[in-house]
$ cat structure_5.cif   # mmCIF, C-alpha atoms
data_work
loop_
_atom_site.label_atom_id
_atom_site.label_comp_id
_atom_site.auth_asym_id
_atom_site.auth_seq_id
_atom_site.Cartn_x
_atom_site.Cartn_y
_atom_site.Cartn_z
CA MET A 115 111.32 81.23 91.63
CA THR A 116 110.67 81.68 87.93
CA ASP A 117 111.96 79.06 85.49
CA SER A 118 114.38 81.66 84.09
CA GLY A 119 115.99 82.26 87.46
CA GLY A 120 114.34 85.62 88.02
CA PRO A 121 113.00 86.99 91.27
CA PRO A 122 110.34 85.07 93.24
CA PHE A 123 106.68 85.58 92.38
CA PRO A 124 104.29 86.09 95.30
CA GLN A 125 101.27 83.95 96.02
CA THR A 126 98.29 85.57 94.34
CA VAL A 127 94.50 85.43 94.46
CA THR A 128 93.06 85.15 90.95
CA ALA A 129 89.74 86.64 89.84
CA HIS A 130 87.93 87.02 86.52
CA HIS A 131 85.62 89.75 85.26
CA ASP A 132 83.49 89.41 82.13
CA GLY A 133 83.99 92.90 80.81
CA ILE A 134 82.90 94.95 77.84
CA PHE A 135 85.61 93.50 75.57
CA GLY A 136 85.99 90.02 76.98
CA ARG A 137 87.07 88.25 80.13
CA VAL A 138 89.72 90.03 82.21
CA ARG A 139 91.91 88.13 84.64
CA SER A 140 93.35 89.93 87.65
CA ARG A 141 95.72 88.71 90.32
CA ALA A 142 95.87 90.26 93.78
CA VAL A 143 98.30 90.17 96.67
CA GLY A 144 98.16 91.68 100.16
CA ARG A 145 95.07 92.74 102.05
CA PRO A 146 92.98 95.91 102.26
CA ARG A 147 94.04 98.27 105.02
CA PRO A 148 91.83 101.00 106.49
CA GLY A 149 92.62 104.42 105.06
CA VAL A 150 95.13 103.07 102.54
CA PRO A 151 94.23 103.14 98.82
CA GLU A 152 94.64 99.89 96.93
CA VAL A 153 96.99 99.77 93.95
CA VAL A 154 95.74 98.68 90.54
CA LEU A 155 98.54 97.87 88.10
CA VAL A 156 98.10 97.54 84.33
CA GLN A 157 100.29 95.04 82.46
CA GLY A 158 102.94 96.01 79.92
CA MET A 159 103.22 95.22 76.21
CA ALA A 160 101.59 91.78 75.86
CA VAL A 161 103.21 90.56 79.10
CA ALA A 162 102.22 90.59 82.77
CA ASP A 163 104.20 88.00 84.76
CA TYR A 164 107.32 90.16 84.94
CA LEU A 165 105.36 92.62 87.11
CA LEU A 166 104.52 90.07 89.82
CA PRO A 167 107.61 90.80 91.95
CA GLY A 168 106.69 94.48 91.91
CA LEU A 169 103.08 93.60 92.71
CA GLY A 170 104.35 91.67 95.71
CA ALA A 171 106.18 94.74 96.97
CA PHE A 172 102.94 96.77 96.85
CA GLY A 173 101.21 93.93 98.68
CA GLN A 174 103.44 94.49 101.70
CA TRP A 175 101.49 97.64 102.60
CA THR A 176 98.12 97.41 100.78
CA ARG A 177 96.14 95.12 98.53
CA ALA A 178 97.46 95.32 94.98
CA HIS A 179 95.91 94.03 91.75
CA LEU A 180 97.52 93.21 88.41
CA VAL A 181 95.00 93.64 85.58
CA GLU A 182 95.62 91.66 82.39
CA LEU A 183 94.14 93.02 79.19
CA PRO A 184 91.90 91.01 76.82
CA GLY A 185 93.97 88.95 74.42
CA PHE A 186 96.96 88.62 76.74
CA ALA A 187 98.29 86.59 79.67
CA GLY A 188 95.37 84.87 81.41
CA SER A 189 92.55 86.99 80.02
CA GLY A 190 90.13 85.93 77.29
CA ASP A 191 90.16 86.94 73.66
CA PRO A 192 88.46 90.22 72.66
CA PRO A 193 85.75 90.34 69.98
CA HIS A 194 88.17 92.29 67.78
CA GLU A 195 91.72 93.61 68.08
CA LEU A 196 91.60 96.54 70.51
CA ASP A 197 93.22 99.95 70.37
CA VAL A 198 94.58 101.87 73.36
CA PRO A 199 91.36 103.78 74.20
CA GLU A 200 89.49 100.46 74.18
CA PHE A 201 92.08 98.91 76.50
CA GLY A 202 91.53 101.93 78.74
CA ARG A 203 87.79 101.29 78.72
CA CYS A 204 88.46 97.69 79.79
CA VAL A 205 90.38 98.88 82.84
CA ALA A 206 87.77 101.54 83.66
CA ASP A 207 85.04 98.89 83.40
CA TRP A 208 87.03 96.61 85.72
CA LEU A 209 87.37 99.44 88.26
CA THR A 210 83.64 100.10 88.16
CA ALA A 211 82.82 96.43 88.63
CA ARG A 212 85.22 95.96 91.54
CA ALA A 213 84.24 99.20 93.35
CA LEU A 214 87.42 99.27 95.44
CA GLY A 215 87.06 102.86 96.59
CA PRO A 216 89.96 105.26 96.09
CA VAL A 217 92.80 103.55 94.24
CA ILE A 218 96.20 104.40 92.87
CA LEU A 219 96.14 103.41 89.21
CA ALA A 220 99.56 102.47 87.87
CA GLY A 221 100.94 101.29 84.57
CA HIS A 222 104.33 100.15 83.38
CA SER A 223 105.67 100.71 79.85
CA SER A 224 102.74 100.49 77.40
CA GLY A 225 100.49 100.01 80.42
CA THR A 226 101.05 103.69 81.15
CA GLN A 227 99.09 104.59 78.04
CA VAL A 228 96.20 102.36 79.10
CA ALA A 229 96.24 103.54 82.72
CA ALA A 230 96.22 107.20 81.71
CA ARG A 231 93.24 106.61 79.42
CA ALA A 232 91.36 104.73 82.15
CA ALA A 233 92.02 107.40 84.80
CA VAL A 234 90.54 110.39 82.95
CA GLY A 235 87.40 111.62 84.67
CA ARG A 236 87.33 108.93 87.36
CA PRO A 237 86.81 110.21 90.93
CA ASP A 238 87.80 106.81 92.35
CA VAL A 239 91.35 107.21 91.03
CA ALA A 240 93.17 109.08 93.77
CA ALA A 241 96.49 109.24 91.89
CA VAL A 242 98.17 107.91 88.77
CA VAL A 243 101.63 106.32 88.51
CA LEU A 244 103.32 106.00 85.13
CA ALA A 245 106.48 103.90 85.31
CA SER A 246 108.76 103.83 82.25
CA PRO A 247 106.14 105.68 80.16
CA THR A 248 105.80 105.08 76.43
CA VAL A 249 106.01 105.99 73.68
CA ASP A 250 108.56 108.82 73.76
CA PRO A 251 108.39 110.92 70.56
CA VAL A 252 112.02 110.00 69.85
CA ALA A 253 110.90 106.35 69.59
CA ARG A 254 107.66 106.78 67.62
CA GLY A 255 108.27 104.61 64.62
CA TRP A 256 108.96 100.90 64.17
CA VAL A 257 112.66 101.30 63.37
CA ARG A 258 113.32 103.84 66.12
CA LEU A 259 111.42 101.84 68.73
CA LEU A 260 113.20 98.62 67.81
CA ALA A 261 116.60 100.31 67.91
CA ARG A 262 115.93 101.76 71.35
CA TRP A 263 114.53 98.46 72.62
CA ARG A 264 117.74 96.72 71.52
CA LEU A 265 119.85 99.36 73.27
CA ASP A 266 117.80 99.03 76.43
CA SER A 267 118.08 95.24 76.43
CA ARG A 268 121.81 95.57 77.04
CA HIS A 269 121.01 97.08 80.44
CA GLU A 270 118.27 94.61 81.41
CA PRO A 271 118.96 91.64 83.72
CA PRO A 272 119.46 88.08 82.42
CA GLY A 273 116.32 85.98 82.28
CA LEU A 274 113.90 88.84 81.66
CA GLY A 275 113.41 88.23 77.94
CA GLU A 276 113.13 84.49 78.43
CA SER A 277 110.38 85.00 80.99
CA HIS A 278 108.28 86.78 78.34
CA HIS A 279 108.24 83.91 75.80
CA PRO A 280 105.14 82.02 77.04
CA GLU A 281 103.05 85.19 77.04
CA TRP A 282 104.33 86.25 73.62
CA ARG A 283 103.34 82.84 72.26
CA ARG A 284 99.91 83.16 73.86
CA ALA A 285 99.36 86.52 72.12
CA GLY A 286 100.60 85.41 68.71
CA LEU A 287 102.48 87.38 66.09
CA HIS A 288 99.47 89.13 64.54
CA ARG A 289 98.22 90.47 67.86
CA LEU A 290 101.72 91.52 68.92
CA VAL A 291 102.23 93.52 65.72
CA HIS A 292 98.80 95.13 66.03
CA THR A 293 99.42 96.05 69.68
CA VAL A 294 102.73 97.72 68.96
CA HIS A 295 101.12 99.62 66.08
CA VAL A 296 98.23 101.04 68.12
CA HIS A 297 100.54 102.08 70.97
CA LEU A 298 102.90 103.83 68.56
CA ASN A 299 99.93 105.84 67.31
CA ASP A 300 98.48 106.81 70.70
CA PRO A 301 100.15 109.93 72.18
CA LEU A 302 100.38 109.57 75.95
CA GLU A 303 100.44 113.35 76.31
CA ASP A 304 96.77 113.60 75.34
CA PRO A 305 95.20 111.76 78.31
CA VAL A 306 97.90 112.93 80.74
CA ALA A 307 96.96 116.55 80.02
CA GLN A 308 93.37 115.71 81.09
CA LEU A 309 94.30 114.25 84.50
CA ASP A 310 93.09 116.19 87.53
CA MET A 311 94.70 114.02 90.23
CA PRO A 312 98.31 113.70 91.43
CA LEU A 313 100.68 112.11 88.91
CA LEU A 314 103.95 110.33 89.64
CA ILE A 315 106.34 109.47 86.82
CA ILE A 316 109.01 106.88 87.66
CA ARG A 317 111.91 106.40 85.24
CA GLY A 318 114.93 104.11 85.33
CA ARG A 319 118.11 106.09 84.81
CA ASP A 320 119.39 103.58 82.25
CA ASP A 321 116.13 103.49 80.26
CA ARG A 322 116.94 103.77 76.55
CA ILE A 323 113.33 103.61 75.35
CA GLY A 324 112.17 106.82 77.03
CA THR A 325 114.16 109.97 77.78
CA VAL A 326 114.26 112.00 80.98
CA ARG A 327 113.32 115.09 78.99
CA TRP A 328 110.02 113.55 77.89
CA ALA A 329 109.31 112.15 81.35
CA ARG A 330 109.76 115.61 82.80
CA HIS A 331 107.43 117.05 80.15
CA LEU A 332 104.71 114.55 81.12
CA ALA A 333 105.02 115.46 84.80
CA ASP A 334 104.75 119.14 83.92
CA LEU A 335 101.43 118.59 82.14
CA VAL A 336 99.69 117.99 85.48
CA ALA A 337 99.34 120.58 88.24
CA ASP A 338 100.43 118.01 90.84
CA GLY A 339 102.97 116.13 88.75
CA GLN A 340 106.27 114.69 89.95
CA LEU A 341 109.16 112.87 88.29
CA ILE A 342 111.60 110.62 90.11
CA GLU A 343 114.44 108.54 88.70
CA VAL A 344 115.56 105.21 90.11
CA SER A 345 118.35 102.80 89.30
CA GLY A 346 117.82 100.38 86.45
CA ALA A 347 116.66 100.31 82.85
CA HIS A 348 113.19 100.25 81.30
CA THR A 349 112.05 97.20 83.28
CA PHE A 350 113.54 98.28 86.60
CA PRO A 351 110.83 96.67 88.84
CA TRP A 352 111.88 93.18 87.74
CA LEU A 353 114.91 92.97 90.04
CA ASP A 354 114.23 95.89 92.38
CA PRO A 355 110.50 95.93 93.27
CA GLN A 356 111.08 98.38 96.11
CA ALA A 357 112.29 100.95 93.59
CA TRP A 358 108.68 101.79 92.84
CA SER A 359 106.94 100.48 95.94
CA ASP A 360 108.52 103.00 98.30
CA PRO A 361 107.67 106.15 96.28
CA VAL A 362 104.15 104.87 95.55
CA ARG A 363 103.64 104.24 99.25
CA ARG A 364 104.68 107.81 100.01
CA LEU A 365 102.25 108.99 97.33
CA ALA A 366 99.47 106.92 98.93
CA VAL A 367 100.11 108.58 102.30
CA ARG A 368 100.05 112.03 100.71
CA VAL A 369 96.81 111.57 98.77
CA THR A 370 95.12 109.99 101.78
CA ARG A 371 95.98 113.01 103.91
CA GLY A 372 94.79 115.29 101.13
CA ARG A 373 91.39 113.57 101.05
#
$ encode --input "structure_5.cif" --output "C-alpha cells"
Amino acid sequence: MTDSGGPPFPQTVTAHHDGIFGRVRSRAVGRPRPGVPEVVLVQGMAVADYLLPGLGAFGQWTRAHLVELPGFAGSGDPPHELDVPEFGRCVADWLTARALGPVILAGHSSGTQVAARAAVGRPDVAAVVLASPTVDPVARGWVRLLARWRLDSRHEPPGLGESHHPEWRRAGLHRLVHTVHVHLNDPLEDPVAQLDMPLLIIRGRDDRIGTVRWARHLADLVADGQLIEVSGAHTFPWLDPQAWSDPVRRLAVRVTRGR
C-alpha cells in the first residue's frame, strides 16, 4: 500500500534509457503476449506514482510501461527546461530505442499532450488513448486552471494529493511553474488533428478540469475517434484502474484484428 493509504502499487521492473534530453526511467508490469500490443503510458503533470495502480491493471493482459519524463519522478535532469514538443520527442526516442512493435500509446492529464505529440507519424503506434485530456480551452489561463483544479479536488479521493508531495518536491517550484506554463500554451488539438490511427478519449464524469464538449471535439478530429465517460473525477484511474483498462483492452483487440 502507499503511505497515504491509497491503492496498492504493483511490483515493477525498472529500466533506464539515456535519451536525447537526459535519462528516462520507465517501469513495467506484466509480460508480452503474442498478438497483443503493449501499452506505453506517459506520466501526468510532474507526477507518475499515482498511475501505478492503473499500470497494474494493464499488466493483467499485456506488458505495460510507465514512462517518466526528464526532470520528474525517477528520471534524470534535462539539459534545459523542456517544452511539450520536446517532451514528445523524449517519448518518441524511447519508443524507437525500445522497439516494442505495435503499441498503444496512452497519456493521462498533461501526459495526453505529450503522448499526442509523440504519436504523430509513428507507424509503431497502433492507437492512442487520451485520458482526462488537457488543457481544455475553458481552463487555458493560470487563474482558470487553478479554479478548476480546486473544484475538481473536491471530487478526488483522500490521499491522492498527499501521494504527489515527494514528486513535487523532486521537481521543485521553478520546474513546476515552467511545466504548467508550457502545457497551457500547447493546444492539444494541433497534434490530435494529425493522428492517423484510432483514438480513444476517456473522461471521468465528475472531471472539472476538462469538459465533455471539448473531449467530444477531440474525438471528432480523428476519423476513428471515440469518446467514453467513466465514473470519477480527473484522476479516475487512482481508485478504479479497471475504468480505463477494460476499454483499452477492447481497443487493443480491435486494432489487432484490423492489422
$ closest_residue --input "structure_5.cif" --among "A:Asp354, A:Glu195, A:Asp132, A:Glu270" --to "Leu290 (chain A)" --atoms "only C-alpha atoms"
A:Glu195
$ resolve_selection --input "structure_5.cif" --expression "the PyMOL selection byres ((chain A and resi 187) around 12)" --output "MDAnalysis selection string"
chainID A and resid 137:141 156:165 180:186 188:191 278:286
$ closest_residue --input "structure_5.cif" --among "A:Leu259, A:Ile315, A:Val228, A:Val217" --to "Gly339 (chain A)" --atoms "all atoms listed in the file"
A:Ile315
$ resolve_selection --input "structure_5.cif" --expression "the PyMOL selection byres ((chain A and resi 296-298) around 8)" --output "list in words"
Asp197, Val198, Ser224, Gln227, Val249, Arg254, Gly255, His292, Thr293, Val294, His295, Asn299, Asp300 and Pro301 of chain A
$ atom_distance --input "structure_5.cif" --atom1 "CA of Ala142 (chain A)" --atom2 "CA of Gly225 (chain A)"
17.2 Å
$ resolve_selection --input "structure_5.cif" --expression "the PyMOL selection byres ((chain A and resi 348) around 6)" --output "list in words"
Ser246, Gly318, Asp321, Ala347, Thr349 and Phe350 of chain A
$ write_last_selection --input "structure_5.cif" --atoms "C-alpha atoms" --output "PDB file, in the coordinates of the input"
ATOM      1  CA  SER A 246     108.760 103.830  82.250  1.00  0.00           C
ATOM      2  CA  GLY A 318     114.930 104.110  85.330  1.00  0.00           C
ATOM      3  CA  ASP A 321     116.130 103.490  80.260  1.00  0.00           C
ATOM      4  CA  ALA A 347     116.660 100.310  82.850  1.00  0.00           C
ATOM      5  CA  THR A 349     112.050  97.200  83.280  1.00  0.00           C
ATOM      6  CA  PHE A 350     113.540  98.280  86.600  1.00  0.00           C
TER       7      PHE A 350
END
$ atom_distance --input "structure_5.cif" --atom1 "CA of Ile342 (chain A)" --atom2 "CA of Gly235 (chain A)"
24.8 Å
$ closest_residue --input "structure_5.cif" --among "A:Leu265, A:Leu209, A:Val291, A:Val239" --to "Leu313 (chain A)" --atoms "only C-alpha atoms"
A:Val239
$ closest_residue --input "structure_5.cif" --among "A:Gly221, A:Pro237, A:Gly346, A:Pro271" --to "His179 (chain A)" --atoms "all atoms listed in the file"
A:Gly221
$ closest_residue --input "structure_5.cif" --among "A:Arg145, A:His194, A:His269, A:Arg231" --to "Ile323 (chain A)" --atoms "only C-alpha atoms"
A:His269
$ atom_distance --input "structure_5.cif" --atom1 "CA of Leu274 (chain A)" --atom2 "CA of Pro251 (chain A)"
25.3 Å
$ axis_aligned_box --input "structure_5.cif" --around "region 305-318 of chain A" --padding-each-side "5 Å" --output "JSON"
{"center_x": 104.0, "center_y": 110.3, "center_z": 84.9, "size_x": 31.8, "size_y": 22.4, "size_z": 23.1}
$ closest_residue --input "structure_5.cif" --among "A:Ala366, A:Ala357, A:Leu196, A:Ala230" --to "Ile218 (chain A)" --atoms "all atoms listed in the file"
A:Ala366
$ residues_around --input "structure_5.cif" --residues "Asp334 (chain A)" --least-positions-apart "3" --cutoff "12 Å" --atoms "all atoms listed in the file" --output "short mmCIF file (atom, residue, chain, number, x, y, z; two decimals) with C-alpha atoms, in the coordinates of the input"
data_model
loop_
_atom_site.label_atom_id
_atom_site.label_comp_id
_atom_site.auth_asym_id
_atom_site.auth_seq_id
_atom_site.Cartn_x
_atom_site.Cartn_y
_atom_site.Cartn_z
CA GLU A 303 100.44 113.35 76.31
CA VAL A 306 97.90 112.93 80.74
CA ALA A 307 96.96 116.55 80.02
CA LEU A 309 94.30 114.25 84.50
CA PRO A 312 98.31 113.70 91.43
CA LEU A 313 100.68 112.11 88.91
CA LEU A 314 103.95 110.33 89.64
CA ILE A 315 106.34 109.47 86.82
CA ARG A 327 113.32 115.09 78.99
CA TRP A 328 110.02 113.55 77.89
CA ALA A 329 109.31 112.15 81.35
CA ARG A 330 109.76 115.61 82.80
CA HIS A 331 107.43 117.05 80.15
CA ALA A 337 99.34 120.58 88.24
CA ASP A 338 100.43 118.01 90.84
CA GLY A 339 102.97 116.13 88.75
CA GLN A 340 106.27 114.69 89.95
CA LEU A 341 109.16 112.87 88.29
#
$ residues_around --input "structure_5.cif" --residues "Thr176 (chain A)" --least-positions-apart "3" --cutoff "10 Å" --atoms "only C-alpha atoms" --output "ChimeraX atom specification"
/A:143-153,170-173,179,363,366
$ decode --input "structure_5.cif" --residues "region 141-178 of chain A" --atoms "N, CA and C atoms" --output "PDB file, in the first residue's frame"
ATOM      1  N   ARG A 141       9.004   2.102 -15.852  1.00  0.00           N
ATOM      2  CA  ARG A 141       8.664   0.967 -15.005  1.00  0.00           C
ATOM      3  C   ARG A 141       7.630   0.122 -15.743  1.00  0.00           C
ATOM      4  N   ALA A 142       7.829  -1.183 -15.722  1.00  0.00           N
ATOM      5  CA  ALA A 142       6.980  -2.090 -16.491  1.00  0.00           C
ATOM      6  C   ALA A 142       6.362  -3.142 -15.587  1.00  0.00           C
ATOM      7  N   VAL A 143       5.154  -3.542 -15.944  1.00  0.00           N
ATOM      8  CA  VAL A 143       4.476  -4.648 -15.272  1.00  0.00           C
ATOM      9  C   VAL A 143       3.920  -5.585 -16.344  1.00  0.00           C
ATOM     10  N   GLY A 144       3.611  -6.816 -15.958  1.00  0.00           N
ATOM     11  CA  GLY A 144       3.038  -7.768 -16.901  1.00  0.00           C
ATOM     12  C   GLY A 144       4.100  -8.382 -17.797  1.00  0.00           C
ATOM     13  N   ARG A 145       3.626  -9.084 -18.801  1.00  0.00           N
ATOM     14  CA  ARG A 145       4.543  -9.750 -19.733  1.00  0.00           C
ATOM     15  C   ARG A 145       4.006  -9.620 -21.154  1.00  0.00           C
ATOM     16  N   PRO A 146       4.891  -9.632 -22.135  1.00  0.00           N
ATOM     17  CA  PRO A 146       4.427  -9.579 -23.529  1.00  0.00           C
ATOM     18  C   PRO A 146       3.592 -10.817 -23.854  1.00  0.00           C
ATOM     19  N   ARG A 147       2.546 -10.596 -24.641  1.00  0.00           N
ATOM     20  CA  ARG A 147       1.688 -11.693 -25.074  1.00  0.00           C
ATOM     21  C   ARG A 147       1.577 -11.658 -26.594  1.00  0.00           C
ATOM     22  N   PRO A 148       1.690 -12.810 -27.245  1.00  0.00           N
ATOM     23  CA  PRO A 148       1.649 -12.841 -28.711  1.00  0.00           C
ATOM     24  C   PRO A 148       0.368 -12.207 -29.251  1.00  0.00           C
ATOM     25  N   GLY A 149       0.547 -11.316 -30.223  1.00  0.00           N
ATOM     26  CA  GLY A 149      -0.598 -10.693 -30.874  1.00  0.00           C
ATOM     27  C   GLY A 149      -1.273  -9.600 -30.087  1.00  0.00           C
ATOM     28  N   VAL A 150      -0.741  -9.250 -28.922  1.00  0.00           N
ATOM     29  CA  VAL A 150      -1.353  -8.211 -28.091  1.00  0.00           C
ATOM     30  C   VAL A 150      -0.397  -7.028 -28.007  1.00  0.00           C
ATOM     31  N   PRO A 151      -0.813  -5.834 -28.423  1.00  0.00           N
ATOM     32  CA  PRO A 151       0.093  -4.684 -28.323  1.00  0.00           C
ATOM     33  C   PRO A 151       0.398  -4.338 -26.868  1.00  0.00           C
ATOM     34  N   GLU A 152       1.610  -3.907 -26.619  1.00  0.00           N
ATOM     35  CA  GLU A 152       1.963  -3.425 -25.285  1.00  0.00           C
ATOM     36  C   GLU A 152       1.425  -2.002 -25.112  1.00  0.00           C
ATOM     37  N   VAL A 153       1.245  -1.622 -23.861  1.00  0.00           N
ATOM     38  CA  VAL A 153       0.744  -0.283 -23.538  1.00  0.00           C
ATOM     39  C   VAL A 153       1.901   0.547 -23.002  1.00  0.00           C
ATOM     40  N   VAL A 154       2.052   1.737 -23.539  1.00  0.00           N
ATOM     41  CA  VAL A 154       3.055   2.688 -23.060  1.00  0.00           C
ATOM     42  C   VAL A 154       2.309   3.902 -22.526  1.00  0.00           C
ATOM     43  N   LEU A 155       2.505   4.183 -21.247  1.00  0.00           N
ATOM     44  CA  LEU A 155       1.751   5.223 -20.546  1.00  0.00           C
ATOM     45  C   LEU A 155       2.681   6.367 -20.177  1.00  0.00           C
ATOM     46  N   VAL A 156       2.273   7.590 -20.489  1.00  0.00           N
ATOM     47  CA  VAL A 156       3.062   8.788 -20.186  1.00  0.00           C
ATOM     48  C   VAL A 156       2.536   9.433 -18.910  1.00  0.00           C
ATOM     49  N   GLN A 157       3.432   9.787 -18.016  1.00  0.00           N
ATOM     50  CA  GLN A 157       3.072  10.369 -16.725  1.00  0.00           C
ATOM     51  C   GLN A 157       2.289  11.664 -16.862  1.00  0.00           C
ATOM     52  N   GLY A 158       1.648  12.079 -15.756  1.00  0.00           N
ATOM     53  CA  GLY A 158       0.919  13.336 -15.719  1.00  0.00           C
ATOM     54  C   GLY A 158       1.806  14.501 -15.334  1.00  0.00           C
ATOM     55  N   MET A 159       1.187  15.588 -14.860  1.00  0.00           N
ATOM     56  CA  MET A 159       1.891  16.831 -14.579  1.00  0.00           C
ATOM     57  C   MET A 159       2.842  16.678 -13.392  1.00  0.00           C
ATOM     58  N   ALA A 160       4.106  16.403 -13.689  1.00  0.00           N
ATOM     59  CA  ALA A 160       5.190  16.316 -12.706  1.00  0.00           C
ATOM     60  C   ALA A 160       5.102  15.094 -11.804  1.00  0.00           C
ATOM     61  N   VAL A 161       4.096  14.245 -11.979  1.00  0.00           N
ATOM     62  CA  VAL A 161       3.904  13.099 -11.084  1.00  0.00           C
ATOM     63  C   VAL A 161       3.642  11.836 -11.894  1.00  0.00           C
ATOM     64  N   ALA A 162       4.075  10.699 -11.332  1.00  0.00           N
ATOM     65  CA  ALA A 162       3.931   9.427 -12.025  1.00  0.00           C
ATOM     66  C   ALA A 162       3.385   8.321 -11.132  1.00  0.00           C
ATOM     67  N   ASP A 163       3.728   8.316  -9.842  1.00  0.00           N
ATOM     68  CA  ASP A 163       3.376   7.203  -8.970  1.00  0.00           C
ATOM     69  C   ASP A 163       1.874   6.937  -8.914  1.00  0.00           C
ATOM     70  N   TYR A 164       1.065   7.989  -9.013  1.00  0.00           N
ATOM     71  CA  TYR A 164      -0.380   7.797  -8.914  1.00  0.00           C
ATOM     72  C   TYR A 164      -0.933   6.927 -10.039  1.00  0.00           C
ATOM     73  N   LEU A 165      -0.162   6.757 -11.119  1.00  0.00           N
ATOM     74  CA  LEU A 165      -0.612   5.943 -12.246  1.00  0.00           C
ATOM     75  C   LEU A 165      -0.244   4.471 -12.107  1.00  0.00           C
ATOM     76  N   LEU A 166       0.506   4.103 -11.066  1.00  0.00           N
ATOM     77  CA  LEU A 166       0.928   2.715 -10.929  1.00  0.00           C
ATOM     78  C   LEU A 166      -0.236   1.737 -10.737  1.00  0.00           C
ATOM     79  N   PRO A 167      -1.274   2.062  -9.976  1.00  0.00           N
ATOM     80  CA  PRO A 167      -2.402   1.125  -9.919  1.00  0.00           C
ATOM     81  C   PRO A 167      -3.025   0.886 -11.290  1.00  0.00           C
ATOM     82  N   GLY A 168      -3.170   1.935 -12.082  1.00  0.00           N
ATOM     83  CA  GLY A 168      -3.699   1.776 -13.428  1.00  0.00           C
ATOM     84  C   GLY A 168      -2.756   0.993 -14.319  1.00  0.00           C
ATOM     85  N   LEU A 169      -1.454   1.198 -14.133  1.00  0.00           N
ATOM     86  CA  LEU A 169      -0.472   0.420 -14.892  1.00  0.00           C
ATOM     87  C   LEU A 169      -0.628  -1.062 -14.565  1.00  0.00           C
ATOM     88  N   GLY A 170      -0.836  -1.356 -13.277  1.00  0.00           N
ATOM     89  CA  GLY A 170      -1.026  -2.738 -12.873  1.00  0.00           C
ATOM     90  C   GLY A 170      -2.229  -3.382 -13.524  1.00  0.00           C
ATOM     91  N   ALA A 171      -3.287  -2.605 -13.740  1.00  0.00           N
ATOM     92  CA  ALA A 171      -4.470  -3.154 -14.413  1.00  0.00           C
ATOM     93  C   ALA A 171      -4.153  -3.515 -15.862  1.00  0.00           C
ATOM     94  N   PHE A 172      -3.403  -2.667 -16.558  1.00  0.00           N
ATOM     95  CA  PHE A 172      -2.967  -3.010 -17.919  1.00  0.00           C
ATOM     96  C   PHE A 172      -2.114  -4.272 -17.911  1.00  0.00           C
ATOM     97  N   GLY A 173      -1.278  -4.416 -16.878  1.00  0.00           N
ATOM     98  CA  GLY A 173      -0.374  -5.546 -16.804  1.00  0.00           C
ATOM     99  C   GLY A 173      -1.061  -6.884 -16.619  1.00  0.00           C
ATOM    100  N   GLN A 174      -2.358  -6.878 -16.371  1.00  0.00           N
ATOM    101  CA  GLN A 174      -3.094  -8.128 -16.248  1.00  0.00           C
ATOM    102  C   GLN A 174      -3.308  -8.793 -17.605  1.00  0.00           C
ATOM    103  N   TRP A 175      -3.197  -8.021 -18.690  1.00  0.00           N
ATOM    104  CA  TRP A 175      -3.459  -8.610 -20.008  1.00  0.00           C
ATOM    105  C   TRP A 175      -2.373  -8.323 -21.052  1.00  0.00           C
ATOM    106  N   THR A 176      -1.372  -7.522 -20.708  1.00  0.00           N
ATOM    107  CA  THR A 176      -0.247  -7.267 -21.609  1.00  0.00           C
ATOM    108  C   THR A 176       0.915  -6.742 -20.775  1.00  0.00           C
ATOM    109  N   ARG A 177       2.032  -6.460 -21.420  1.00  0.00           N
ATOM    110  CA  ARG A 177       3.084  -5.741 -20.709  1.00  0.00           C
ATOM    111  C   ARG A 177       2.808  -4.254 -20.866  1.00  0.00           C
ATOM    112  N   ALA A 178       2.926  -3.525 -19.766  1.00  0.00           N
ATOM    113  CA  ALA A 178       2.634  -2.097 -19.768  1.00  0.00           C
ATOM    114  C   ALA A 178       3.799  -1.339 -19.149  1.00  0.00           C
TER     115      ALA A 178
END
